[in-house]
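Take a look at the structure below.
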Amino acid sequence: MNNQVVSFDYVLTAKSGKVIDASAKGKPLIFITGLGQIIPGLETILLAMQPLEKKTVTIEAKDAYGLYDESLVYKVDRAKLPAQEIKIGDMFEAGQADQLSPVSITAINGNEITLDGNHPLAGEDLTFAVELVEKRSATAEELAHGHVHGAGGCHH
């Protein structure tokens, strides 16, 4: 069901059990369903839950940040980069002005720089411990603006 405002608390862990991210205590993540604001697999789970329900779920990579795509890894000459002072892990946008995509530097071999256009969590199955805080219909104004208004959302 699209056009729902969903707020939830979460702890995201990798397969290793390492915590990758979590909502701040008392500050749930709030989004509007159907707008691609969170990964699809998690959105589906949250839509099936009831307020105050808790669950731990593993979202497969294909339903999270996608499978790792080797075709998004390529080498460029250092001169093509926007900065000459670079290090592994640096991120910037690459491509044409109307189709920029984020990339990260994964290797530096002299003037040959390896860029990776995959999301850092691509190819990873992700485990979420979630608690659904609230679910309600989005207002017409929220839908027109593409984000949540009011408590915990945007105030403008």
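Within each chain, counting starts at residue 1; across the structure tokens, chains are named A, B, ... in the order shown, with ligands numbered 1 upward in that order.
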
### Task
Show which residues sit within 10 Å of Ala140 in chain A, as an MDAnalysis selection string. Count only C-alpha atoms, and ignore same-chain residues fewer than 5 positions away.
chainID A and resid 3 145:146

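Summary of the local environment: counting only C-alpha atoms, residues at most 12 Å from Val130 in chain A, other than itself and those fewer than 4 positions away along its chain, are Val6, Ser7, Phe8, Asp9, Tyr10, Val11, Leu12, Thr13, Ala22, Ser23, Pro28, Leu29, Leu42, Glu43, Ile45, Leu46, Met49, Gln50, Pro51, Leu52, Glu53, Lys54, Lys55, Thr56, Val57 and Thr58 of chain A.
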
So that I have them on file, write out the residues from the current selection with N, CA and C atoms, as a PDB file, in the first residue's frame.
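The resulting out_23.pdb:
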```
ATOM      1  N   VAL A   6       5.306   6.041   7.439  1.00  0.00           N
ATOM      2  CA  VAL A   6       5.740   4.986   8.356  1.00  0.00           C
ATOM      3  C   VAL A   6       6.905   5.530   9.171  1.00  0.00           C
ATOM      4  N   SER A   7       6.832   5.347  10.477  1.00  0.00           N
ATOM      5  CA  SER A   7       7.970   5.699  11.326  1.00  0.00           C
ATOM      6  C   SER A   7       8.389   4.436  12.081  1.00  0.00           C
ATOM      7  N   PHE A   8       9.694   4.231  12.145  1.00  0.00           N
ATOM      8  CA  PHE A   8      10.199   3.012  12.778  1.00  0.00           C
ATOM      9  C   PHE A   8      11.587   3.224  13.353  1.00  0.00           C
ATOM     10  N   ASP A   9      11.864   2.469  14.393  1.00  0.00           N
ATOM     11  CA  ASP A   9      13.203   2.415  14.971  1.00  0.00           C
ATOM     12  C   ASP A   9      13.899   1.192  14.386  1.00  0.00           C
ATOM     13  N   TYR A  10      15.225   1.272  14.243  1.00  0.00           N
ATOM     14  CA  TYR A  10      15.939   0.135  13.656  1.00  0.00           C
ATOM     15  C   TYR A  10      17.385   0.078  14.122  1.00  0.00           C
ATOM     16  N   VAL A  11      17.931  -1.121  14.034  1.00  0.00           N
ATOM     17  CA  VAL A  11      19.366  -1.363  14.140  1.00  0.00           C
ATOM     18  C   VAL A  11      19.708  -2.235  12.944  1.00  0.00           C
ATOM     19  N   LEU A  12      20.649  -1.783  12.135  1.00  0.00           N
ATOM     20  CA  LEU A  12      21.084  -2.499  10.934  1.00  0.00           C
ATOM     21  C   LEU A  12      22.426  -3.147  11.205  1.00  0.00           C
ATOM     22  N   THR A  13      22.508  -4.463  10.949  1.00  0.00           N
ATOM     23  CA  THR A  13      23.775  -5.168  11.134  1.00  0.00           C
ATOM     24  C   THR A  13      24.153  -5.928   9.864  1.00  0.00           C
ATOM     25  N   ALA A  22      21.904   2.765  12.929  1.00  0.00           N
ATOM     26  CA  ALA A  22      20.760   2.629  13.834  1.00  0.00           C
ATOM     27  C   ALA A  22      20.066   3.975  13.952  1.00  0.00           C
ATOM     28  N   SER A  23      18.777   3.936  14.230  1.00  0.00           N
ATOM     29  CA  SER A  23      18.056   5.179  14.486  1.00  0.00           C
ATOM     30  C   SER A  23      18.476   5.684  15.859  1.00  0.00           C
ATOM     31  N   PRO A  28      12.751   8.058  15.528  1.00  0.00           N
ATOM     32  CA  PRO A  28      12.578   7.030  14.501  1.00  0.00           C
ATOM     33  C   PRO A  28      12.771   7.598  13.092  1.00  0.00           C
ATOM     34  N   LEU A  29      13.091   6.717  12.169  1.00  0.00           N
ATOM     35  CA  LEU A  29      13.175   7.086  10.759  1.00  0.00           C
ATOM     36  C   LEU A  29      11.748   7.164  10.232  1.00  0.00           C
ATOM     37  N   LEU A  42      12.803  -3.838   2.906  1.00  0.00           N
ATOM     38  CA  LEU A  42      12.437  -3.361   4.237  1.00  0.00           C
ATOM     39  C   LEU A  42      11.078  -2.670   4.203  1.00  0.00           C
ATOM     40  N   GLU A  43      10.810  -1.931   3.156  1.00  0.00           N
ATOM     41  CA  GLU A  43       9.504  -1.270   3.034  1.00  0.00           C
ATOM     42  C   GLU A  43       8.382  -2.303   3.047  1.00  0.00           C
ATOM     43  N   ILE A  45       8.343  -5.288   4.416  1.00  0.00           N
ATOM     44  CA  ILE A  45       8.215  -5.830   5.778  1.00  0.00           C
ATOM     45  C   ILE A  45       7.456  -4.848   6.668  1.00  0.00           C
ATOM     46  N   LEU A  46       7.843  -3.575   6.629  1.00  0.00           N
ATOM     47  CA  LEU A  46       7.219  -2.572   7.492  1.00  0.00           C
ATOM     48  C   LEU A  46       5.740  -2.384   7.187  1.00  0.00           C
ATOM     49  N   MET A  49       3.600  -4.849   9.039  1.00  0.00           N
ATOM     50  CA  MET A  49       3.643  -4.810  10.501  1.00  0.00           C
ATOM     51  C   MET A  49       2.573  -3.887  11.079  1.00  0.00           C
ATOM     52  N   GLN A  50       2.308  -4.079  12.366  1.00  0.00           N
ATOM     53  CA  GLN A  50       1.379  -3.233  13.118  1.00  0.00           C
ATOM     54  C   GLN A  50       2.177  -2.356  14.090  1.00  0.00           C
ATOM     55  N   PRO A  51       1.648  -1.173  14.445  1.00  0.00           N
ATOM     56  CA  PRO A  51       2.354  -0.316  15.404  1.00  0.00           C
ATOM     57  C   PRO A  51       2.741  -1.071  16.678  1.00  0.00           C
ATOM     58  N   LEU A  52       3.959  -0.798  17.140  1.00  0.00           N
ATOM     59  CA  LEU A  52       4.608  -1.380  18.323  1.00  0.00           C
ATOM     60  C   LEU A  52       5.072  -2.823  18.122  1.00  0.00           C
ATOM     61  N   GLU A  53       4.838  -3.383  16.938  1.00  0.00           N
ATOM     62  CA  GLU A  53       5.344  -4.716  16.624  1.00  0.00           C
ATOM     63  C   GLU A  53       6.852  -4.629  16.393  1.00  0.00           C
ATOM     64  N   LYS A  54       7.567  -5.659  16.873  1.00  0.00           N
ATOM     65  CA  LYS A  54       9.017  -5.751  16.694  1.00  0.00           C
ATOM     66  C   LYS A  54       9.334  -6.986  15.883  1.00  0.00           C
ATOM     67  N   LYS A  55      10.370  -6.882  15.053  1.00  0.00           N
ATOM     68  CA  LYS A  55      10.791  -7.997  14.212  1.00  0.00           C
ATOM     69  C   LYS A  55      12.264  -7.871  13.903  1.00  0.00           C
ATOM     70  N   THR A  56      12.915  -9.006  13.707  1.00  0.00           N
ATOM     71  CA  THR A  56      14.271  -9.020  13.159  1.00  0.00           C
ATOM     72  C   THR A  56      14.191  -9.766  11.844  1.00  0.00           C
ATOM     73  N   VAL A  57      14.619  -9.095  10.773  1.00  0.00           N
ATOM     74  CA  VAL A  57      14.503  -9.657   9.430  1.00  0.00           C
ATOM     75  C   VAL A  57      15.817  -9.486   8.679  1.00  0.00           C
ATOM     76  N   THR A  58      16.072 -10.425   7.779  1.00  0.00           N
ATOM     77  CA  THR A  58      17.225 -10.302   6.892  1.00  0.00           C
ATOM     78  C   THR A  58      16.708 -10.024   5.493  1.00  0.00           C
TER      79      THR A  58
END
```

One decimal place gives the CA of Leu126 in chain A-CA of Ile88 in chain A separation as 24.1 Å

Would you return as a ChimeraX atom specification the members of chain A that DSSP assigns to strand (DSSP E or B) on this structure's backbone? /A:4-13,19-22,24,27,29-32,54-59,73-77,91-96,99-109,112-116,126-137,149,154

For those residues, write C-alpha atoms to a file as a short mmCIF file (atom, residue, chain, number, x, y, z; two decimals), in the first residue's frame.
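The resulting out-v6.cif:
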```cif
data_model
loop_
_atom_site.label_atom_id
_atom_site.label_comp_id
_atom_site.auth_asym_id
_atom_site.auth_seq_id
_atom_site.Cartn_x
_atom_site.Cartn_y
_atom_site.Cartn_z
CA GLN A 4 1.61 5.65 3.97
CA VAL A 5 3.75 7.57 6.43
CA VAL A 6 5.74 4.99 8.36
CA SER A 7 7.97 5.70 11.33
CA PHE A 8 10.20 3.01 12.78
CA ASP A 9 13.20 2.41 14.97
CA TYR A 10 15.94 0.13 13.66
CA VAL A 11 19.37 -1.36 14.14
CA LEU A 12 21.08 -2.50 10.93
CA THR A 13 23.77 -5.17 11.13
CA VAL A 19 26.24 -2.64 13.62
CA ILE A 20 26.24 -0.55 10.44
CA ASP A 21 23.58 2.00 11.36
CA ALA A 22 20.76 2.63 13.83
CA ALA A 24 18.82 7.60 17.29
CA LYS A 27 14.08 9.66 16.81
CA LEU A 29 13.18 7.09 10.76
CA ILE A 30 10.09 8.43 8.96
CA PHE A 31 9.29 7.97 5.27
CA ILE A 32 6.44 7.84 2.75
CA LYS A 54 9.02 -5.75 16.69
CA LYS A 55 10.79 -8.00 14.21
CA THR A 56 14.27 -9.02 13.16
CA VAL A 57 14.50 -9.66 9.43
CA THR A 58 17.23 -10.30 6.89
CA ILE A 59 16.81 -8.53 3.58
CA VAL A 73 33.96 -0.86 -11.56
CA TYR A 74 36.31 0.88 -13.95
CA LYS A 75 39.70 2.52 -14.22
CA VAL A 76 40.36 6.15 -15.13
CA ASP A 77 43.38 8.38 -15.41
CA MET A 91 33.60 9.56 -2.97
CA PHE A 92 32.40 11.95 -5.66
CA GLU A 93 30.00 12.07 -8.60
CA ALA A 94 30.99 10.93 -12.07
CA GLY A 95 29.29 10.97 -15.46
CA GLN A 96 27.56 13.57 -17.59
CA GLN A 99 23.34 11.70 -15.24
CA LEU A 100 25.77 11.91 -12.34
CA SER A 101 26.30 8.81 -10.20
CA PRO A 102 28.22 8.46 -6.94
CA VAL A 103 31.49 6.54 -7.17
CA SER A 104 34.18 5.68 -4.65
CA ILE A 105 37.91 5.22 -5.13
CA THR A 106 38.83 1.61 -4.40
CA ALA A 107 42.43 1.48 -5.69
CA ILE A 108 45.23 3.86 -6.66
CA ASN A 109 48.01 2.58 -8.89
CA GLU A 112 45.46 4.68 -12.75
CA ILE A 113 42.51 5.08 -10.38
CA THR A 114 39.87 2.39 -9.85
CA LEU A 115 36.35 3.70 -9.30
CA ASP A 116 33.38 1.70 -8.05
CA LEU A 126 21.30 -6.92 5.68
CA THR A 127 19.70 -7.73 9.03
CA PHE A 128 17.35 -5.19 10.56
CA ALA A 129 15.92 -5.28 14.07
CA VAL A 130 12.88 -3.01 13.63
CA GLU A 131 10.03 -1.68 15.71
CA LEU A 132 7.15 -0.04 13.90
CA VAL A 133 6.30 3.14 15.79
CA GLU A 134 3.45 4.52 13.67
CA LYS A 135 1.73 4.11 10.33
CA ARG A 136 -0.80 6.56 8.86
CA SER A 137 -1.98 7.90 5.51
CA HIS A 149 5.64 17.08 7.60
CA CYS A 154 10.01 18.48 7.81
#
```
